[in-house]
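Novice: Provided herewith: entry08.txt, compact mmCIF, C-alpha atoms and all ligand atoms.
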```txt
# COMPACT_ATOMS: atom_id res chain seq x y z
CA MET G 520 87.62 89.51 101.49
CA THR G 521 88.94 90.50 104.89
CA VAL G 522 88.80 93.93 106.47
CA LEU G 523 92.29 95.17 107.02
CA GLU G 524 93.62 97.95 109.13
CA PHE G 525 97.32 98.38 109.06
CA LYS G 526 100.37 100.55 108.62
CA GLY G 527 103.44 100.16 106.50
CA SER G 528 106.82 101.79 105.99
CA CYS G 529 110.05 101.61 104.02
CA LEU G 530 113.34 100.22 105.26
CA CYS G 531 114.66 103.59 106.51
CA GLY G 532 111.31 104.48 108.07
CA SER G 533 110.95 107.83 106.29
CA VAL G 534 107.96 106.87 104.16
CA ARG G 535 104.91 105.71 106.10
CA TYR G 536 101.34 104.90 105.18
CA GLU G 537 98.15 103.52 106.64
CA LEU G 538 95.04 101.93 105.26
CA SER G 539 91.84 100.25 106.24
CA GLY G 540 89.25 98.38 104.23
CA ASP G 541 88.83 95.25 102.20
CA ALA G 542 91.74 93.51 100.54
CA ARG G 543 90.50 93.10 96.98
CA ARG G 544 93.28 90.90 95.69
CA PHE G 545 96.35 89.26 97.18
CA TYR G 546 98.75 87.70 94.70
CA HIS G 547 102.26 86.51 94.23
CA CYS G 548 103.22 87.89 90.79
CA HIS G 549 105.95 86.02 88.96
CA CYS G 550 106.15 88.30 85.91
CA GLN G 551 109.56 89.41 84.72
CA ARG G 552 108.94 93.05 85.65
CA CYS G 553 108.12 92.12 89.24
CA ARG G 554 111.19 89.91 89.42
CA LYS G 555 113.44 92.70 88.17
CA ALA G 556 111.84 95.29 90.44
CA THR G 557 112.12 93.16 93.58
CA GLY G 558 115.27 91.21 92.80
CA THR G 559 113.44 88.09 93.97
CA GLY G 560 111.33 85.27 92.51
CA HIS G 561 108.07 87.18 92.71
CA ALA G 562 106.39 90.28 94.08
CA THR G 563 103.69 89.80 96.72
CA ASN G 564 101.03 92.48 96.44
CA ILE G 565 97.75 93.32 98.13
CA MET G 566 95.23 95.47 96.27
CA VAL G 567 93.01 97.88 98.18
CA LYS G 568 90.71 100.71 97.10
CA GLU G 569 92.45 104.04 96.68
CA GLU G 570 90.13 105.92 99.04
CA ASN G 571 91.10 103.66 101.93
CA PHE G 572 94.76 104.55 101.66
CA ASN G 573 96.72 107.46 103.20
CA TRP G 574 100.32 108.50 103.15
CA LEU G 575 101.52 109.51 106.64
CA SER G 576 105.04 110.80 105.95
CA GLY G 577 107.94 110.92 103.55
CA THR G 578 106.04 111.52 100.30
CA SER G 579 108.74 113.97 99.12
CA LEU G 580 111.16 111.02 99.06
CA LEU G 581 108.99 108.90 96.79
CA LYS G 582 110.32 108.30 93.30
CA ARG G 583 108.57 106.76 90.35
CA TYR G 584 110.10 104.83 87.48
CA ASN G 585 107.88 104.27 84.46
CA VAL G 586 108.85 101.19 82.49
CA PRO G 587 109.03 102.62 78.93
CA ASP G 588 107.12 99.92 77.07
CA ALA G 589 104.64 99.17 79.85
CA GLU G 590 101.01 100.21 79.74
CA ARG G 591 100.65 100.67 83.51
CA PHE G 592 103.60 99.12 85.23
CA TYR G 593 105.83 101.45 87.18
CA THR G 594 107.86 101.19 90.32
CA HIS G 595 107.37 103.48 93.29
CA PHE G 596 110.07 103.53 95.90
CA CYS G 597 111.78 105.46 98.68
CA SER G 598 114.71 107.37 97.16
CA GLU G 599 116.61 107.11 100.44
CA CYS G 600 116.55 103.33 100.94
CA GLY G 601 115.11 101.92 97.69
CA SER G 602 112.22 100.04 99.29
CA ALA G 603 109.19 99.35 97.10
CA MET G 604 106.23 101.45 98.23
CA PRO G 605 102.52 101.37 97.38
CA ARG G 606 101.54 102.63 93.93
CA ASP G 607 98.22 103.71 92.57
CA VAL G 608 96.46 102.36 89.52
CA PRO G 609 93.94 105.13 88.75
CA GLU G 610 92.41 103.14 85.86
CA ILE G 611 90.93 100.73 88.37
CA GLY G 612 90.88 102.96 91.48
CA MET G 613 93.23 100.70 93.39
CA MET G 614 96.44 100.92 95.35
CA ILE G 615 98.91 98.07 95.00
CA ILE G 616 100.60 97.45 98.33
CA PRO G 617 103.88 95.51 98.47
CA ALA G 618 103.08 93.09 101.28
CA GLY G 619 106.65 93.14 102.56
CA SER G 620 106.32 96.83 103.47
CA LEU G 621 103.58 96.12 106.04
CA ASP G 622 104.38 96.69 109.69
CA ASN G 623 101.49 94.63 111.02
CA VAL G 624 100.97 90.92 111.10
CA ILE G 625 98.00 90.17 108.85
CA ASP G 626 95.90 87.04 108.93
CA ILE G 627 95.17 86.71 105.23
CA LYS G 628 97.16 84.69 102.73
CA PRO G 629 97.85 85.17 99.02
CA GLU G 630 95.04 83.67 96.95
CA ALA G 631 96.99 82.81 93.79
CA ARG G 632 100.24 82.92 91.87
CA ILE G 633 99.90 84.95 88.69
CA PHE G 634 102.09 85.19 85.60
CA TRP G 635 103.14 81.66 86.48
CA ASP G 636 104.24 81.07 82.87
CA SER G 637 106.91 83.77 83.33
CA ARG G 638 108.41 82.32 86.50
CA ALA G 639 112.12 81.79 86.95
CA SER G 640 113.27 78.16 86.92
CA TRP G 641 114.47 78.55 90.53
CA SER G 642 111.22 80.11 91.71
CA CYS G 643 109.34 78.70 94.69
CA GLY G 644 107.12 75.80 93.78
CA VAL G 645 103.43 75.18 93.41
CA ASP G 646 101.55 75.03 96.70
CA GLU G 647 97.88 74.82 97.59
CA ILE G 648 96.90 78.06 95.86
CA PRO G 649 95.94 78.29 92.16
CA THR G 650 98.31 79.48 89.44
CA PHE G 651 97.40 81.56 86.39
CA PRO G 652 99.55 81.70 83.23
CA GLU G 653 99.19 85.53 83.21
CA TYR G 654 96.36 87.58 84.75
CA PRO G 655 93.64 85.61 86.54
CA ASP G 656 90.41 84.87 84.68
ZN ZN G 701 113.17 104.70 103.00
ZN ZN G 702 104.20 91.17 88.11
```
Please, can you express the file's structure as structure tokens?
Ligand SMILES: [Zn+2]
Ligand SMILES: [Zn+2]
Specialist:
Amino acid sequence: MTVLEFKGSCLCGSVRYELSGDARRFYHCHCQRCRKATGTGHATNIMVKEENFNWLSGTSLLKRYNVPDAERFYTHFCSECGSAMPRDVPEIGMMIIPAGSLDNVIDIKPEARIFWDSRASWSCGVDEIPTFPEYPD
């Protein structure tokens, strides 16, 4: 996809990161876990390779919550302000970046809505991008 170079931070500004490289995936995820974790209709996440990602500050404030019955899903957030922060998925060598934590304007758009079958009834509607019942094919 597109080469990105950007920085991100949490609401209080303590935790900061930077990355550069290709965006491998860019999805709105409507699964129930993402809805609970964000308090909104869906999470919006960009996936990048782990080696292209660096924490710049505030890592001592990061907290992790492992969802007990989840294989991989966990939340990673600033313990000062509660903002969702990037999390790594070592099994696939990727970092999942919450798009809302970015400080730059980026010129790429989400490519699909995933876990569409789990969406809330009040969720935003279908637009020009594809939907997948769960994970994409
Ligand atoms: Zn913070
Ligand atoms: Zn999800």
Novice: Could you list, as a VMD selection string, all protein and nucleic acid residues with an atom at most 9 Å from ligand ZN 701 (chain G), counting only C-alpha atoms and all ligand atoms?
Specialist: chain G and resid 528 to 535 577 580 to 581 596 to 603
Novice: Nearest to Met613 in chain G: which of G:Ser642, G:Asn564, G:Ser637, G:Gln551 is it, counting all atoms listed in the file?
Specialist: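 With all atoms listed in the file as the atom set, the closest residue is G:Asn564.
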Novice: Determine, counting all atoms listed in the file, which protein, DNA and RNA residues have an atom within 12 Å of an atom of Val567 in chain G; residues of the same chain fewer than 5 positions away are not included. Present the result as an NGL selection string.
Specialist: :G and (520-525 or 537-545 or 572-573 or 605-609 or 611-618)
Novice: So which residues are near ligand ZN 702 (chain G), meaning at most 10 Å away with all atoms listed in the file counted, given back as a list in words?
Specialist: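 With all atoms listed in the file and a cut-off of 10 Å, ligand ZN 702 (chain G) is contacted by Tyr546, His547, Cys548, His549, Cys550, Gln551, Arg552, Cys553, Arg554, Lys555, Ala556, Thr557, His561, Ala562, Thr563, Asn564, Phe592, Arg632, Ile633, Phe634, Trp635, Ser637, Arg638, Glu653 and Tyr654 of chain G.
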Novice: I'd like the box whose edges run along x, y and z of the file and which contains every listed atom of range 524-534 of chain G, padded by 6 Å per side; could you state its centre and edge lengths in Å, one decimal, as AutoDock Vina command-line options?
Specialist:
```
--center_x 104.1 --center_y 102.9 --center_z 106.6 --size_x 33.0 --size_y 21.9 --size_z 17.1
```
Novice: Taking into account all atoms listed in the file, which residue in the set G:Pro587, G:Pro652, G:Gly558, G:Gly619 is nearest to Asp636 in chain G?
Specialist: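 Closest to Asp636 in chain G of all the choices is G:Pro652.
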Novice: Just to confirm, what's the straight-line distance from CA of Gly560 in chain G to CA of Asp656 in chain G in Å (one decimal)?
Specialist: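 Answer for the CA of Gly560 in chain G to CA of Asp656 in chain G separation: 22.3 Å.
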Novice: Can you work out the spacing between CA of Ser579 in chain G and CA of Tyr593 in chain G in Å, to one decimal?
Specialist: 17.5 Å
Novice: Which residue is closest to Lys628 in chain G? Choose from G:Cys643, G:Ile565, G:Leu575, G:Met604 and count only C-alpha atoms.
Specialist: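 For Lys628 in chain G, the nearest of the given residues is G:Ile565.
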Novice: Could you jot down the CA of Asn585 in chain G to CA of Asn571 in chain G separation for me, Å, one decimal place?
Specialist: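 The value is 24.2 Å.
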Novice: Save range 533-654 of chain G of the structure in the block above to a file, with C-alpha atoms included, as an mmCIF file, in the first residue's frame.
Specialist:
```cif
data_model
loop_
_atom_site.group_PDB
_atom_site.id
_atom_site.type_symbol
_atom_site.label_atom_id
_atom_site.label_comp_id
_atom_site.auth_asym_id
_atom_site.auth_seq_id
_atom_site.Cartn_x
_atom_site.Cartn_y
_atom_site.Cartn_z
ATOM 1 C CA SER G 533 2.904 11.388 27.652
ATOM 2 C CA VAL G 534 3.076 8.389 25.345
ATOM 3 C CA ARG G 535 4.520 9.080 21.900
ATOM 4 C CA TYR G 536 5.538 6.923 18.972
ATOM 5 C CA GLU G 537 6.721 7.160 15.405
ATOM 6 C CA LEU G 538 6.735 4.860 12.427
ATOM 7 C CA SER G 539 7.528 4.688 8.775
ATOM 8 C CA GLY G 540 6.828 2.056 6.159
ATOM 9 C CA ASP G 541 3.972 0.429 4.350
ATOM 10 C CA ALA G 542 0.491 0.290 5.790
ATOM 11 C CA ARG G 543 -0.362 -3.396 5.457
ATOM 12 C CA ARG G 544 -4.006 -3.199 6.424
ATOM 13 C CA PHE G 545 -6.427 -0.425 7.297
ATOM 14 C CA TYR G 546 -9.777 -1.539 8.669
ATOM 15 C CA HIS G 547 -12.774 -0.423 10.617
ATOM 16 C CA CYS G 548 -13.410 -3.336 13.006
ATOM 17 C CA HIS G 549 -16.961 -3.690 14.274
ATOM 18 C CA CYS G 550 -16.365 -6.662 16.588
ATOM 19 C CA GLN G 551 -17.787 -6.524 20.083
ATOM 20 C CA ARG G 552 -14.344 -6.373 21.707
ATOM 21 C CA CYS G 553 -13.384 -3.322 19.662
ATOM 22 C CA ARG G 554 -16.687 -1.668 20.486
ATOM 23 C CA LYS G 555 -16.213 -2.252 24.210
ATOM 24 C CA ALA G 556 -12.583 -1.140 24.127
ATOM 25 C CA THR G 557 -13.290 2.087 22.245
ATOM 26 C CA GLY G 558 -16.777 2.866 23.520
ATOM 27 C CA THR G 559 -17.758 3.586 19.922
ATOM 28 C CA GLY G 560 -19.261 1.762 16.932
ATOM 29 C CA HIS G 561 -15.952 0.424 15.683
ATOM 30 C CA ALA G 562 -12.196 0.620 16.079
ATOM 31 C CA THR G 563 -10.179 2.009 13.161
ATOM 32 C CA ASN G 564 -6.777 0.372 12.961
ATOM 33 C CA ILE G 565 -3.767 0.499 10.669
ATOM 34 C CA MET G 566 -1.378 -2.456 10.610
ATOM 35 C CA VAL G 567 2.333 -1.897 10.050
ATOM 36 C CA LYS G 568 5.379 -4.129 10.397
ATOM 37 C CA GLU G 569 6.838 -4.228 13.888
ATOM 38 C CA GLU G 570 10.346 -3.239 12.807
ATOM 39 C CA ASN G 571 9.073 0.054 11.405
ATOM 40 C CA PHE G 572 7.663 1.152 14.733
ATOM 41 C CA ASN G 573 9.346 2.980 17.651
ATOM 42 C CA TRP G 574 8.156 4.237 20.982
ATOM 43 C CA LEU G 575 9.461 7.763 21.674
ATOM 44 C CA SER G 576 8.291 8.376 25.249
ATOM 45 C CA GLY G 577 5.974 7.328 28.038
ATOM 46 C CA THR G 578 6.364 3.550 27.784
ATOM 47 C CA SER G 579 6.366 3.238 31.605
ATOM 48 C CA LEU G 580 2.764 4.507 31.540
ATOM 49 C CA LEU G 581 1.550 1.838 29.131
ATOM 50 C CA LYS G 582 -0.822 -0.736 30.559
ATOM 51 C CA ARG G 583 -2.047 -3.921 28.995
ATOM 52 C CA TYR G 584 -5.345 -5.691 29.580
ATOM 53 C CA ASN G 585 -5.591 -9.252 28.311
ATOM 54 C CA VAL G 586 -9.146 -10.278 27.545
ATOM 55 C CA PRO G 587 -9.364 -13.617 29.424
ATOM 56 C CA ASP G 588 -11.027 -15.735 26.745
ATOM 57 C CA ALA G 589 -9.293 -14.105 23.778
ATOM 58 C CA GLU G 590 -6.553 -15.775 21.794
ATOM 59 C CA ARG G 591 -4.718 -12.547 20.926
ATOM 60 C CA PHE G 592 -6.925 -9.616 21.707
ATOM 61 C CA TYR G 593 -5.696 -7.247 24.363
ATOM 62 C CA THR G 594 -5.932 -3.549 24.954
ATOM 63 C CA HIS G 595 -2.903 -1.322 25.341
ATOM 64 C CA PHE G 596 -3.445 2.112 26.745
ATOM 65 C CA CYS G 597 -1.954 5.094 28.570
ATOM 66 C CA SER G 598 -2.623 4.636 32.297
ATOM 67 C CA GLU G 599 -2.737 8.407 32.751
ATOM 68 C CA CYS G 600 -5.419 9.302 30.202
ATOM 69 C CA GLY G 601 -6.820 5.938 29.017
ATOM 70 C CA SER G 602 -6.130 6.479 25.317
ATOM 71 C CA ALA G 603 -5.749 3.371 23.165
ATOM 72 C CA MET G 604 -2.146 2.965 22.044
ATOM 73 C CA PRO G 605 -0.471 0.728 19.460
ATOM 74 C CA ARG G 606 -0.148 -2.949 20.353
ATOM 75 C CA ASP G 607 2.031 -5.635 18.905
ATOM 76 C CA VAL G 608 0.916 -8.945 17.476
ATOM 77 C CA PRO G 609 4.145 -10.985 17.553
ATOM 78 C CA GLU G 610 2.481 -13.981 15.852
ATOM 79 C CA ILE G 611 2.297 -11.985 12.638
ATOM 80 C CA GLY G 612 5.093 -9.452 13.283
ATOM 81 C CA MET G 613 2.735 -6.508 13.128
ATOM 82 C CA MET G 614 1.812 -3.475 15.171
ATOM 83 C CA ILE G 615 -1.833 -2.466 15.273
ATOM 84 C CA ILE G 616 -2.096 1.316 15.333
ATOM 85 C CA PRO G 617 -5.323 2.979 16.502
ATOM 86 C CA ALA G 618 -5.774 5.512 13.708
ATOM 87 C CA GLY G 619 -7.252 8.090 16.075
ATOM 88 C CA SER G 620 -3.940 8.337 17.947
ATOM 89 C CA LEU G 621 -2.113 9.670 14.871
ATOM 90 C CA ASP G 622 -0.865 13.238 14.960
ATOM 91 C CA ASN G 623 -0.409 13.553 11.200
ATOM 92 C CA VAL G 624 -2.932 13.873 8.459
ATOM 93 C CA ILE G 625 -2.653 10.740 6.326
ATOM 94 C CA ASP G 626 -3.872 10.359 2.781
ATOM 95 C CA ILE G 627 -4.985 6.741 2.908
ATOM 96 C CA LYS G 628 -8.471 5.504 3.687
ATOM 97 C CA PRO G 629 -9.749 2.343 5.381
ATOM 98 C CA GLU G 630 -10.070 -0.471 2.849
ATOM 99 C CA ALA G 631 -12.865 -2.464 4.492
ATOM 100 C CA ARG G 632 -15.212 -2.930 7.415
ATOM 101 C CA ILE G 633 -14.558 -6.207 9.202
ATOM 102 C CA PHE G 634 -16.633 -8.179 11.697
ATOM 103 C CA TRP G 635 -19.607 -6.528 10.033
ATOM 104 C CA ASP G 636 -21.885 -9.303 11.321
ATOM 105 C CA SER G 637 -21.123 -8.160 14.891
ATOM 106 C CA ARG G 638 -21.975 -4.502 14.331
ATOM 107 C CA ALA G 639 -24.251 -2.551 16.619
ATOM 108 C CA SER G 640 -27.660 -1.680 15.183
ATOM 109 C CA TRP G 641 -26.790 2.033 15.461
ATOM 110 C CA SER G 642 -23.418 1.630 13.774
ATOM 111 C CA CYS G 643 -22.451 3.761 10.785
ATOM 112 C CA GLY G 644 -23.772 2.409 7.533
ATOM 113 C CA VAL G 645 -22.355 0.684 4.502
ATOM 114 C CA ASP G 646 -20.316 2.942 2.245
ATOM 115 C CA GLU G 647 -18.171 2.326 -0.807
ATOM 116 C CA ILE G 648 -15.749 -0.036 0.936
ATOM 117 C CA PRO G 649 -16.310 -3.811 1.246
ATOM 118 C CA THR G 650 -17.617 -5.487 4.388
ATOM 119 C CA PHE G 651 -16.572 -8.878 5.759
ATOM 120 C CA PRO G 652 -18.719 -10.919 8.184
ATOM 121 C CA GLU G 653 -15.599 -11.544 10.339
ATOM 122 C CA TYR G 654 -11.965 -11.515 9.186
#
```
